[in-house]
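For reference, the structure discussed in these notes is given below.
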Amino acid sequence: MALPIVHHPDYDAKFPAHHRFPMGKYSLLMEALRQRGLVEEAALHVPQPLAPKLLALAHDTTYVDQVLSRSVPAQIEREIGFPVDDRVARRAHLASSGTLLAARLALHHGIACNTAGGSHHAKRAHGAGFCTFNDVGVAASILIAEGVVRRVLVVDLDVHQGDGTADIFAREPRVFTFSMHAATNYPVRKIPSDLDIALPDGTGDAHYLAKVAEILPLLLDYARPDIVFYNAGVDPHADDRLGKLALSDDGLMARDSAVIGFFNERGVPVCGVIGGGYAKDVPALAERHATLFATAAEFAGRPAVSADS
């Protein structure tokens, strides 16, 4: 079975090449996936915008209206890190829809990935940290509201703490949020997840992967999830501009394989989102993000087997 992939050309909001947020990585990621032979047209899915009331399951209605009407206050735009113009608003809208679509595909096929997503700094009241809408927050909220799933686990391995996701689900016992991140990195004021692991600067492959292996069984026991949203940010890489950890290419691949393989072997669907990654060499960054899809594709051909079978 081909890996179900969700993508929209408008994930790329066409920022200038020198912008601190490497927006071009979304287009380059699709090129990288095609060059690797990971894209099959029958398994490629295009999201459509969600109804505003669905976005408001995770975000304050006033803020949703501000984004969709392109009237976000300047103070919030400064927190986000760029103006919320037509392209940015559409991108945020589609990325949220894309993660929801990927989650639905994962529930059907066992695994699926969105070529955007992981905007984990967007809180219930407003965006922040290059994140306009919190796509995982939106998608998980919708699935729970529909009764499609009863319990959700968020495994956030972006180098930055998932404060926005923690904020959205702070009073939602059906969603268990986990973040493993660099202790001294953004955000300065962290909102506690259900479980956080803060790593010292310079943490490399061996210690990082040992932590992942140690925590996965505990997360399964704590969360008892019907689906896992996996934020596979590549900013823990040693060459990332905004990271403070020291993972190698092989380390990222081993991390993705450990997470996806663990839940696949236990029959738990996984929805992968790409999360953060920051580099001046944007084609190299896109190749780094492609690791998630290459790893997920290996498991897409293996039907998830329940631990009870």
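Identifiers in this document derive from the order of the structure tokens: chains are assigned A, B, ..., residues are numbered from 1 separately in each chain, and ligands are numbered from 1 in order of occurrence.
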| said: With only C-alpha atoms as the counted atoms, please give the residues lying no more than 6 Å from region 144-152 of chain A, apart from itself and same-chain residues fewer than 6 positions off, as a list of chain:residue names. | reply: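 Counting only the stated atoms, we get A:Arg174, A:Val175, A:Pro225, A:Asp226, A:Ile227.
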Hey, can you spit out that residue selection with C-alpha atoms as a PDB file, in the first residue's frame?
ATOM      1  CA  ARG A 174      -9.342  12.831  26.386  1.00  0.00           C
ATOM      2  CA  VAL A 175      -6.186  14.319  24.838  1.00  0.00           C
ATOM      3  CA  PRO A 225      -4.978   6.414  22.400  1.00  0.00           C
ATOM      4  CA  ASP A 226      -7.199   5.672  19.433  1.00  0.00           C
ATOM      5  CA  ILE A 227      -4.866   7.800  17.301  1.00  0.00           C
TER       6      ILE A 227
END
Within 10 Å of region 279-290 of chain A, which residues of region 202-238 of chain A show up? Give each one with its shortest atom-to-atom distance in Å (one decimal) and the two atoms involved, counting only C-alpha atoms, rows by chain then rising residue number, as a tab-separated table.
residue	atom	partner	partner_atom	distance
A:Ala232	CA	A:His289	CA	8.2
A:Gly233	CA	A:His289	CA	7.7
A:Val234	CA	A:His289	CA	6.4
A:Asp235	CA	A:Ala279	CA	9.0
A:His237	CA	A:Arg288	CA	9.0
Convert the current residue selection to file output with C-alpha atoms, as a tab-separated table (two decimals), in the first residue's frame.
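File written: part_13.tsv
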chain	number	residue	atom	x	y	z
A	232	ALA	CA	8.18	15.07	13.55
A	233	GLY	CA	9.93	18.45	13.61
A	234	VAL	CA	13.47	18.22	12.22
A	235	ASP	CA	14.77	21.17	14.21
A	237	HIS	CA	19.07	18.39	13.98
| said: Which residues are near Ala183 (chain A)? Cut-off 9 Å, only C-alpha atoms, ignore same chain within fewer than 6 positions. Put them as a VMD selection string. | reply: chain A and resid 159 to 161 197 to 201 244
| query | Nearest to Phe176 (chain A) among A:Ile215, A:Lys190, A:Ala223, A:Phe82, with distances taken over only C-alpha atoms: which residue is it? | reply |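 Once distances to Phe176 (chain A) are computed over only C-alpha atoms, the minimum belongs to A:Ala223.
Residue-level DSSP output for region 119-158 of chain A, from the backbone, shows alpha helix (DSSP H) at Asp135, Val136, Gly137, Val138, Ala139, Ala140, Ser141, Ile142, Leu143, Ile144, Ala145 and Glu146 of chain A.
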| Per DSSP on the backbone, what are the strand (DSSP E or B) residues of region 78-306 of chain A, as a ChimeraX atom specification? | /A:111-114,128,131,152-156,175-182,195-199,204,227-231,237,246-247,270-273
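The space separating CA of Arg241 (chain A) from CA of Phe15 (chain A) comes to 17.8 Å.
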| said: Given only C-alpha atoms as the basis, pick out the residue of A:Leu153, A:Val88, A:Leu105, A:Ala51 nearest to Tyr230 (chain A). | reply: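 Ranked by minimum distance to Tyr230 (chain A), first place goes to A:Leu153.
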| request: Skip Leu54 (chain A) itself and residues of its chain fewer than 2 positions away, then list as a list in words all residues within 10 Å of it, counting only C-alpha atoms. | output: Leu50, Ala51, Pro52, Ala56, Leu57, Ala58, His59, Thr61, Val64, Ser97, Val138, Ala139, Ser141, Ile142 and Ala145 of chain A
Proximity of region 80-144 of chain A to region 18-22 of chain A: per-residue shortest pair, 12 Å limit, only C-alpha atoms, as CSV:
residue,atom,partner,partner_atom,distance
A:Ile80,CA,A:Phe21,CA,10.9
A:Gly81,CA,A:Phe21,CA,8.7
A:Phe82,CA,A:Phe21,CA,9.1
A:Gly129,CA,A:Phe21,CA,10.0
A:Phe130,CA,A:Phe21,CA,7.4
A:Cys131,CA,A:Phe21,CA,10.6
May I have the residues from that selection written out with C-alpha atoms, as a short mmCIF file (atom, residue, chain, number, x, y, z; two decimals), in the first residue's frame?
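Saved result, selection.cif, follows:
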data_model
loop_
_atom_site.label_atom_id
_atom_site.label_comp_id
_atom_site.auth_asym_id
_atom_site.auth_seq_id
_atom_site.Cartn_x
_atom_site.Cartn_y
_atom_site.Cartn_z
CA ILE A 80 3.18 35.11 15.16
CA GLY A 81 6.21 36.57 13.41
CA PHE A 82 4.66 37.73 10.13
CA GLY A 129 5.89 31.51 17.03
CA PHE A 130 5.29 31.23 13.24
CA CYS A 131 2.00 29.39 13.98
#
| Skipping near chain neighbours, those fewer than 2 positions away, what residues fall within 10 Å of Ser69 (chain A) using only C-alpha atoms, listed as a ChimeraX atom specification? | /A:63-67,71-72,84-86,89
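As for CA of Ala213 (chain A) and CA of Asn231 (chain A), they are spaced 16.4 Å apart.
The interatomic distance for the pair CA of Pro83 (chain A) and CA of Phe169 (chain A) works out to 26.4 Å.
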| Leaving out region 107-117 of chain A and any residue of its chain fewer than 6 positions from it, which residues lie within 6 Å of it when counting only C-alpha atoms, given as JSON, numbers by chain? | {"A": [4, 5, 6, 7, 95, 99, 135, 269, 270, 271, 272, 273, 274, 275]}
Could you turn the residues from that selection into a file that holds N, CA and C atoms, as a CSV table (one decimal), in the first residue's frame?
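The resulting out08.csv:
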chain,number,residue,atom,x,y,z
A,4,PRO,N,-0.5,7.2,2.3
A,4,PRO,CA,-1.4,8.3,2.0
A,4,PRO,C,-0.7,9.7,2.4
A,5,ILE,N,-0.6,10.6,1.5
A,5,ILE,CA,0.0,11.9,1.7
A,5,ILE,C,-1.0,13.0,1.4
A,6,VAL,N,-1.1,14.0,2.3
A,6,VAL,CA,-2.0,15.1,2.1
A,6,VAL,C,-1.1,16.3,1.7
A,7,HIS,N,-1.5,17.0,0.7
A,7,HIS,CA,-0.7,18.2,0.3
A,7,HIS,C,-1.5,19.2,-0.5
A,95,ALA,N,-3.7,24.0,6.1
A,95,ALA,CA,-2.9,23.1,6.9
A,95,ALA,C,-3.7,22.4,7.9
A,99,THR,N,-4.3,18.4,8.1
A,99,THR,CA,-4.0,17.5,9.2
A,99,THR,C,-5.2,16.6,9.6
A,135,ASP,N,-3.0,23.2,13.9
A,135,ASP,CA,-3.7,22.2,13.1
A,135,ASP,C,-4.0,20.9,13.9
A,269,PRO,N,-3.3,3.9,15.0
A,269,PRO,CA,-3.0,4.7,13.8
A,269,PRO,C,-2.1,6.0,14.2
A,270,VAL,N,-1.3,6.4,13.2
A,270,VAL,CA,-0.4,7.5,13.4
A,270,VAL,C,-0.6,8.5,12.3
A,271,CYS,N,-0.9,9.8,12.6
A,271,CYS,CA,-1.0,10.9,11.7
A,271,CYS,C,0.3,11.7,11.9
A,272,GLY,N,1.1,11.8,10.8
A,272,GLY,CA,2.4,12.5,10.9
A,272,GLY,C,2.3,13.9,10.3
A,273,VAL,N,2.8,14.9,11.0
A,273,VAL,CA,2.9,16.2,10.6
A,273,VAL,C,4.4,16.7,10.7
A,274,ILE,N,4.8,17.6,9.8
A,274,ILE,CA,6.3,17.9,9.7
A,274,ILE,C,6.9,18.7,10.7
A,275,GLY,N,6.1,19.6,11.4
A,275,GLY,CA,6.7,20.4,12.4
A,275,GLY,C,7.8,21.4,11.9
I want to know what sits within 7 Å of Pro236 (chain A), based on only C-alpha atoms, with residues of the same chain fewer than 5 positions away left out; could you give that as an mmCIF file with N, CA and C atoms, in the first residue's frame?
data_model
loop_
_atom_site.group_PDB
_atom_site.id
_atom_site.type_symbol
_atom_site.label_atom_id
_atom_site.label_comp_id
_atom_site.auth_asym_id
_atom_site.auth_seq_id
_atom_site.Cartn_x
_atom_site.Cartn_y
_atom_site.Cartn_z
ATOM 1 N N ASP A 158 9.258 18.036 18.092
ATOM 2 C CA ASP A 158 9.860 19.290 17.633
ATOM 3 C C ASP A 158 10.825 19.777 18.720
ATOM 4 N N VAL A 159 11.840 20.540 18.338
ATOM 5 C CA VAL A 159 12.827 20.994 19.327
ATOM 6 C C VAL A 159 12.256 22.029 20.295
ATOM 7 N N GLY A 243 17.489 25.384 16.525
ATOM 8 C CA GLY A 243 17.518 24.281 17.475
ATOM 9 C C GLY A 243 18.754 24.369 18.350
ATOM 10 N N LYS A 244 18.753 23.613 19.444
ATOM 11 C CA LYS A 244 19.920 23.592 20.330
ATOM 12 C C LYS A 244 20.332 22.157 20.660
ATOM 13 N N LEU A 245 19.787 21.209 19.899
ATOM 14 C CA LEU A 245 20.170 19.817 20.082
ATOM 15 C C LEU A 245 21.118 19.402 18.963
ATOM 16 N N ALA A 246 21.480 18.127 18.906
ATOM 17 C CA ALA A 246 22.562 17.723 17.994
ATOM 18 C C ALA A 246 22.289 16.387 17.333
ATOM 19 N N LEU A 247 21.053 16.166 16.889
ATOM 20 C CA LEU A 247 20.761 14.923 16.191
ATOM 21 C C LEU A 247 21.364 14.928 14.792
#
